[in-house]
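Trainee: This is query27.txt (compact mmCIF, N, CA and C atoms).
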```txt
# COMPACT_ATOMS: atom_id res chain seq x y z
N MET A 1 -6.91 30.93 10.37
CA MET A 1 -7.35 29.60 9.96
C MET A 1 -6.50 28.55 10.68
N VAL A 2 -7.16 27.58 11.28
CA VAL A 2 -6.48 26.48 11.96
C VAL A 2 -6.47 25.28 11.03
N VAL A 3 -5.27 24.75 10.80
CA VAL A 3 -5.12 23.59 9.93
C VAL A 3 -4.99 22.35 10.82
N THR A 4 -5.86 21.38 10.59
CA THR A 4 -5.87 20.18 11.44
C THR A 4 -5.17 18.99 10.80
N ASP A 5 -5.05 18.97 9.48
CA ASP A 5 -4.36 17.87 8.80
C ASP A 5 -3.89 18.31 7.42
N ALA A 6 -3.15 17.44 6.76
CA ALA A 6 -2.58 17.77 5.45
C ALA A 6 -3.67 18.04 4.42
N ALA A 7 -4.76 17.29 4.47
CA ALA A 7 -5.84 17.49 3.50
C ALA A 7 -6.44 18.89 3.63
N ALA A 8 -6.60 19.34 4.86
CA ALA A 8 -7.12 20.69 5.08
C ALA A 8 -6.12 21.73 4.62
N TRP A 9 -4.85 21.51 4.93
CA TRP A 9 -3.81 22.46 4.56
C TRP A 9 -3.68 22.57 3.04
N LEU A 10 -3.80 21.44 2.36
CA LEU A 10 -3.72 21.44 0.89
C LEU A 10 -5.05 21.77 0.23
N GLU A 11 -6.08 21.93 1.06
CA GLU A 11 -7.43 22.23 0.57
C GLU A 11 -7.92 21.17 -0.42
N LEU A 12 -7.71 19.90 -0.04
CA LEU A 12 -8.17 18.80 -0.86
C LEU A 12 -9.64 18.55 -0.64
N SER A 13 -10.32 18.20 -1.72
CA SER A 13 -11.71 17.79 -1.58
C SER A 13 -11.73 16.42 -0.91
N PRO A 14 -12.87 16.01 -0.39
CA PRO A 14 -12.95 14.66 0.20
C PRO A 14 -12.53 13.56 -0.78
N GLU A 15 -12.87 13.75 -2.05
CA GLU A 15 -12.51 12.76 -3.06
C GLU A 15 -11.00 12.73 -3.29
N GLU A 16 -10.38 13.90 -3.34
CA GLU A 16 -8.93 13.98 -3.52
C GLU A 16 -8.20 13.38 -2.32
N ALA A 17 -8.68 13.66 -1.13
CA ALA A 17 -8.07 13.11 0.08
C ALA A 17 -8.19 11.59 0.10
N ALA A 18 -9.33 11.07 -0.33
CA ALA A 18 -9.53 9.61 -0.39
C ALA A 18 -8.56 8.98 -1.39
N LEU A 19 -8.35 9.63 -2.51
CA LEU A 19 -7.44 9.12 -3.52
C LEU A 19 -6.00 9.07 -2.99
N VAL A 20 -5.61 10.11 -2.27
CA VAL A 20 -4.28 10.14 -1.66
C VAL A 20 -4.14 8.98 -0.67
N GLU A 21 -5.14 8.77 0.17
CA GLU A 21 -5.10 7.68 1.14
C GLU A 21 -5.04 6.32 0.46
N MET A 22 -5.75 6.15 -0.65
CA MET A 22 -5.73 4.89 -1.37
C MET A 22 -4.33 4.62 -1.91
N ARG A 23 -3.71 5.63 -2.51
CA ARG A 23 -2.36 5.46 -3.04
C ARG A 23 -1.38 5.10 -1.92
N LEU A 24 -1.49 5.78 -0.80
CA LEU A 24 -0.59 5.50 0.33
C LEU A 24 -0.77 4.07 0.83
N SER A 25 -2.02 3.64 0.98
CA SER A 25 -2.29 2.28 1.46
C SER A 25 -1.73 1.23 0.51
N LEU A 26 -1.94 1.43 -0.78
CA LEU A 26 -1.45 0.46 -1.76
C LEU A 26 0.08 0.44 -1.79
N ALA A 27 0.70 1.61 -1.72
CA ALA A 27 2.16 1.67 -1.74
C ALA A 27 2.76 0.99 -0.51
N ARG A 28 2.15 1.21 0.65
CA ARG A 28 2.63 0.54 1.87
C ARG A 28 2.53 -0.98 1.72
N GLU A 29 1.45 -1.43 1.10
CA GLU A 29 1.25 -2.87 0.92
C GLU A 29 2.26 -3.44 -0.08
N VAL A 30 2.58 -2.69 -1.14
CA VAL A 30 3.60 -3.13 -2.10
C VAL A 30 4.92 -3.37 -1.36
N GLU A 31 5.34 -2.38 -0.59
CA GLU A 31 6.61 -2.51 0.11
C GLU A 31 6.57 -3.66 1.13
N LYS A 32 5.48 -3.75 1.87
CA LYS A 32 5.34 -4.80 2.88
C LYS A 32 5.42 -6.19 2.25
N MET A 33 4.67 -6.39 1.17
CA MET A 33 4.68 -7.70 0.51
C MET A 33 6.03 -8.00 -0.12
N ARG A 34 6.64 -7.01 -0.73
CA ARG A 34 7.93 -7.20 -1.38
C ARG A 34 8.98 -7.63 -0.36
N LEU A 35 9.02 -6.93 0.77
CA LEU A 35 9.99 -7.26 1.81
C LEU A 35 9.70 -8.63 2.43
N LYS A 36 8.43 -8.93 2.67
CA LYS A 36 8.05 -10.21 3.27
C LYS A 36 8.47 -11.37 2.37
N LYS A 37 8.39 -11.18 1.06
CA LYS A 37 8.75 -12.24 0.12
C LYS A 37 10.25 -12.23 -0.21
N GLY A 38 10.98 -11.25 0.32
CA GLY A 38 12.41 -11.18 0.07
C GLY A 38 12.75 -10.81 -1.37
N ILE A 39 11.91 -10.02 -1.98
CA ILE A 39 12.11 -9.61 -3.37
C ILE A 39 12.70 -8.20 -3.39
N SER A 40 13.74 -8.01 -4.18
CA SER A 40 14.35 -6.69 -4.30
C SER A 40 13.51 -5.80 -5.21
N GLN A 41 13.76 -4.51 -5.11
CA GLN A 41 13.07 -3.58 -6.02
C GLN A 41 13.43 -3.91 -7.46
N SER A 42 14.68 -4.30 -7.70
CA SER A 42 15.11 -4.65 -9.06
C SER A 42 14.35 -5.86 -9.60
N GLU A 43 14.16 -6.86 -8.72
CA GLU A 43 13.43 -8.05 -9.16
C GLU A 43 11.97 -7.72 -9.46
N LEU A 44 11.36 -6.92 -8.62
CA LEU A 44 9.97 -6.54 -8.88
C LEU A 44 9.88 -5.72 -10.16
N SER A 45 10.83 -4.84 -10.38
CA SER A 45 10.80 -4.03 -11.60
C SER A 45 10.92 -4.91 -12.83
N ALA A 46 11.73 -5.96 -12.76
CA ALA A 46 11.86 -6.88 -13.90
C ALA A 46 10.54 -7.60 -14.16
N ARG A 47 9.85 -7.98 -13.10
CA ARG A 47 8.54 -8.64 -13.26
C ARG A 47 7.54 -7.73 -13.94
N LEU A 48 7.67 -6.43 -13.68
CA LEU A 48 6.72 -5.46 -14.23
C LEU A 48 7.18 -4.85 -15.55
N GLY A 49 8.38 -5.18 -15.98
CA GLY A 49 8.91 -4.63 -17.23
C GLY A 49 9.23 -3.15 -17.11
N THR A 50 9.71 -2.75 -15.95
CA THR A 50 10.07 -1.36 -15.72
C THR A 50 11.46 -1.32 -15.12
N ARG A 51 11.88 -0.18 -14.60
CA ARG A 51 13.21 -0.04 -13.99
C ARG A 51 13.08 0.13 -12.48
N GLN A 52 14.14 -0.19 -11.77
CA GLN A 52 14.15 -0.13 -10.31
C GLN A 52 13.74 1.23 -9.76
N PRO A 53 14.20 2.35 -10.34
CA PRO A 53 13.77 3.65 -9.78
C PRO A 53 12.25 3.85 -9.76
N ALA A 54 11.56 3.20 -10.69
CA ALA A 54 10.09 3.31 -10.70
C ALA A 54 9.50 2.65 -9.46
N ILE A 55 10.10 1.55 -9.01
CA ILE A 55 9.61 0.88 -7.80
C ILE A 55 9.94 1.72 -6.58
N ALA A 56 11.14 2.29 -6.55
CA ALA A 56 11.52 3.16 -5.42
C ALA A 56 10.56 4.34 -5.33
N ARG A 57 10.22 4.94 -6.46
CA ARG A 57 9.25 6.05 -6.47
C ARG A 57 7.89 5.59 -5.99
N MET A 58 7.49 4.41 -6.44
CA MET A 58 6.19 3.86 -6.05
C MET A 58 6.10 3.73 -4.53
N GLU A 59 7.17 3.24 -3.93
CA GLU A 59 7.16 3.01 -2.48
C GLU A 59 7.37 4.30 -1.68
N ASN A 60 8.16 5.21 -2.22
CA ASN A 60 8.53 6.41 -1.45
C ASN A 60 7.76 7.67 -1.82
N ARG A 61 7.18 7.69 -3.01
CA ARG A 61 6.38 8.84 -3.44
C ARG A 61 5.13 8.34 -4.15
N PRO A 62 4.25 7.67 -3.43
CA PRO A 62 3.08 7.05 -4.08
C PRO A 62 2.18 8.05 -4.79
N GLN A 63 2.22 9.32 -4.39
CA GLN A 63 1.39 10.32 -5.07
C GLN A 63 1.79 10.46 -6.54
N ALA A 64 3.01 10.03 -6.88
CA ALA A 64 3.47 10.10 -8.27
C ALA A 64 3.15 8.83 -9.05
N SER A 65 2.56 7.85 -8.39
CA SER A 65 2.24 6.57 -9.04
C SER A 65 0.76 6.50 -9.35
N SER A 66 0.46 5.83 -10.44
CA SER A 66 -0.95 5.63 -10.77
C SER A 66 -1.50 4.47 -9.96
N LEU A 67 -2.79 4.49 -9.75
CA LEU A 67 -3.43 3.36 -9.06
C LEU A 67 -3.20 2.08 -9.86
N ASP A 68 -3.20 2.20 -11.17
CA ASP A 68 -2.96 1.07 -12.06
C ASP A 68 -1.60 0.43 -11.77
N SER A 69 -0.56 1.24 -11.66
CA SER A 69 0.79 0.74 -11.39
C SER A 69 0.87 0.06 -10.03
N LEU A 70 0.25 0.66 -9.05
CA LEU A 70 0.27 0.08 -7.70
C LEU A 70 -0.45 -1.27 -7.68
N VAL A 71 -1.58 -1.36 -8.34
CA VAL A 71 -2.34 -2.62 -8.39
C VAL A 71 -1.55 -3.67 -9.17
N ARG A 72 -0.94 -3.28 -10.29
CA ARG A 72 -0.13 -4.23 -11.07
C ARG A 72 1.01 -4.78 -10.23
N ALA A 73 1.66 -3.92 -9.44
CA ALA A 73 2.76 -4.37 -8.59
C ALA A 73 2.26 -5.37 -7.55
N LEU A 74 1.12 -5.08 -6.96
CA LEU A 74 0.55 -6.01 -5.97
C LEU A 74 0.21 -7.35 -6.60
N LEU A 75 -0.36 -7.32 -7.78
CA LEU A 75 -0.69 -8.57 -8.47
C LEU A 75 0.58 -9.35 -8.80
N ALA A 76 1.64 -8.65 -9.21
CA ALA A 76 2.92 -9.30 -9.51
C ALA A 76 3.53 -9.93 -8.26
N LEU A 77 3.20 -9.39 -7.11
CA LEU A 77 3.69 -9.93 -5.84
C LEU A 77 2.80 -11.05 -5.31
N GLY A 78 1.72 -11.36 -6.02
CA GLY A 78 0.86 -12.46 -5.63
C GLY A 78 -0.39 -12.08 -4.87
N ALA A 79 -0.66 -10.79 -4.77
CA ALA A 79 -1.88 -10.36 -4.08
C ALA A 79 -3.11 -10.74 -4.91
N THR A 80 -4.15 -11.13 -4.23
CA THR A 80 -5.41 -11.42 -4.90
C THR A 80 -6.24 -10.13 -4.96
N PRO A 81 -7.21 -10.09 -5.85
CA PRO A 81 -8.09 -8.92 -5.87
C PRO A 81 -8.74 -8.65 -4.51
N ARG A 82 -9.11 -9.71 -3.80
CA ARG A 82 -9.70 -9.55 -2.46
C ARG A 82 -8.72 -8.90 -1.50
N LYS A 83 -7.44 -9.33 -1.55
CA LYS A 83 -6.41 -8.76 -0.68
C LYS A 83 -6.23 -7.27 -0.99
N ILE A 84 -6.23 -6.94 -2.27
CA ILE A 84 -6.08 -5.54 -2.66
C ILE A 84 -7.26 -4.72 -2.15
N ALA A 85 -8.44 -5.28 -2.27
CA ALA A 85 -9.64 -4.58 -1.79
C ALA A 85 -9.58 -4.35 -0.28
N THR A 86 -9.12 -5.35 0.47
CA THR A 86 -9.05 -5.17 1.93
C THR A 86 -7.97 -4.17 2.32
N THR A 87 -6.96 -4.01 1.48
CA THR A 87 -5.92 -3.01 1.73
C THR A 87 -6.52 -1.62 1.69
N LEU A 88 -7.55 -1.43 0.92
CA LEU A 88 -8.17 -0.11 0.75
C LEU A 88 -9.20 0.21 1.81
N VAL A 89 -9.55 -0.77 2.64
CA VAL A 89 -10.57 -0.54 3.66
C VAL A 89 -9.98 0.06 4.90
```
Take the structure I supplied and represent it as structure tokens, if you would.
Mentor:
Amino acid sequence: MVVTDAAAWLELSPEEAALVEMRLSLAREVEKMRLKKGISQSELSARLGTRQPAIARMENRPQASSLDSLVRALLALGATPRKIATTLV
């Protein structure tokens, strides 16, 4: 068997692979927006009522984050629903 990508190696369904890609895209956008605005992980965690390690996990292990958490973080950073939607395209 020849494995061409991680989704094939993990035997993910197309839906599972899409979900992984969505989480990765949103997590990248969280980190990008946070850094662009000069906001620390601690400051973002305070805005969300969580702890800093949760933000670090969100950015570094998005597969462990819910889509809900990622979207909430983006909204807390000032992203509009339209911006979030374009992040997923």
Trainee: Go ahead and compute the interatomic distance for atom C of Gly49 in chain A and atom N of Met22 in chain A, in Å to one decimal.
Mentor: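 Here the two named atoms are 24.1 Å from each other.
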Trainee: Could you jot down the atom C of Lys32 in chain A to CA of Thr87 in chain A separation for me, Å, one decimal place?
Mentor: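 Between these atoms lies a distance of 11.8 Å.
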Trainee: Grab the atom C of Glu31 in chain A to atom C of Met58 in chain A distance for me, in Å with one decimal place.
Mentor: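 Atom C of Glu31 in chain A sits 9.3 Å away from atom C of Met58 in chain A.
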Trainee: Apply DSSP to the backbone of this structure and, from chain A, keep only the residues in alpha helix (DSSP H); write these as a PyMOL selection string.
Mentor: chain A and resi 6-9+14-36+41-48+52-60+67-76+81-87
Trainee: Can you tell me which residues surround range 74-79 of chain A at a distance of at most 7 Å, considering all atoms listed in the file, apart from same-chain residues fewer than 5 positions away, and format the answer as a list in words?
Mentor: Glu29, Val30, Met33, Arg34, Arg47, Leu48, Ser69 and Ile84 of chain A
Trainee: Print the selection's residues with N, CA and C atoms to a file, as a PDB file, keeping the file's coordinate frame.
Mentor:
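selection_3.pdb, freshly written:
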```pdb
ATOM      1  N   GLU A  29       1.450  -1.430   1.100  1.00  0.00           N
ATOM      2  CA  GLU A  29       1.250  -2.870   0.920  1.00  0.00           C
ATOM      3  C   GLU A  29       2.260  -3.440  -0.080  1.00  0.00           C
ATOM      4  N   VAL A  30       2.580  -2.690  -1.140  1.00  0.00           N
ATOM      5  CA  VAL A  30       3.600  -3.130  -2.100  1.00  0.00           C
ATOM      6  C   VAL A  30       4.920  -3.370  -1.360  1.00  0.00           C
ATOM      7  N   MET A  33       4.670  -6.390   1.170  1.00  0.00           N
ATOM      8  CA  MET A  33       4.680  -7.700   0.510  1.00  0.00           C
ATOM      9  C   MET A  33       6.030  -8.000  -0.120  1.00  0.00           C
ATOM     10  N   ARG A  34       6.640  -7.010  -0.730  1.00  0.00           N
ATOM     11  CA  ARG A  34       7.930  -7.200  -1.380  1.00  0.00           C
ATOM     12  C   ARG A  34       8.980  -7.630  -0.360  1.00  0.00           C
ATOM     13  N   ARG A  47       9.850  -7.980 -13.100  1.00  0.00           N
ATOM     14  CA  ARG A  47       8.540  -8.640 -13.260  1.00  0.00           C
ATOM     15  C   ARG A  47       7.540  -7.730 -13.940  1.00  0.00           C
ATOM     16  N   LEU A  48       7.670  -6.430 -13.680  1.00  0.00           N
ATOM     17  CA  LEU A  48       6.720  -5.460 -14.230  1.00  0.00           C
ATOM     18  C   LEU A  48       7.180  -4.850 -15.550  1.00  0.00           C
ATOM     19  N   SER A  69      -0.560   1.240 -11.660  1.00  0.00           N
ATOM     20  CA  SER A  69       0.790   0.740 -11.390  1.00  0.00           C
ATOM     21  C   SER A  69       0.870   0.060 -10.030  1.00  0.00           C
ATOM     22  N   ILE A  84      -6.230  -6.940  -2.270  1.00  0.00           N
ATOM     23  CA  ILE A  84      -6.080  -5.540  -2.660  1.00  0.00           C
ATOM     24  C   ILE A  84      -7.260  -4.720  -2.150  1.00  0.00           C
TER      25      ILE A  84
END
```
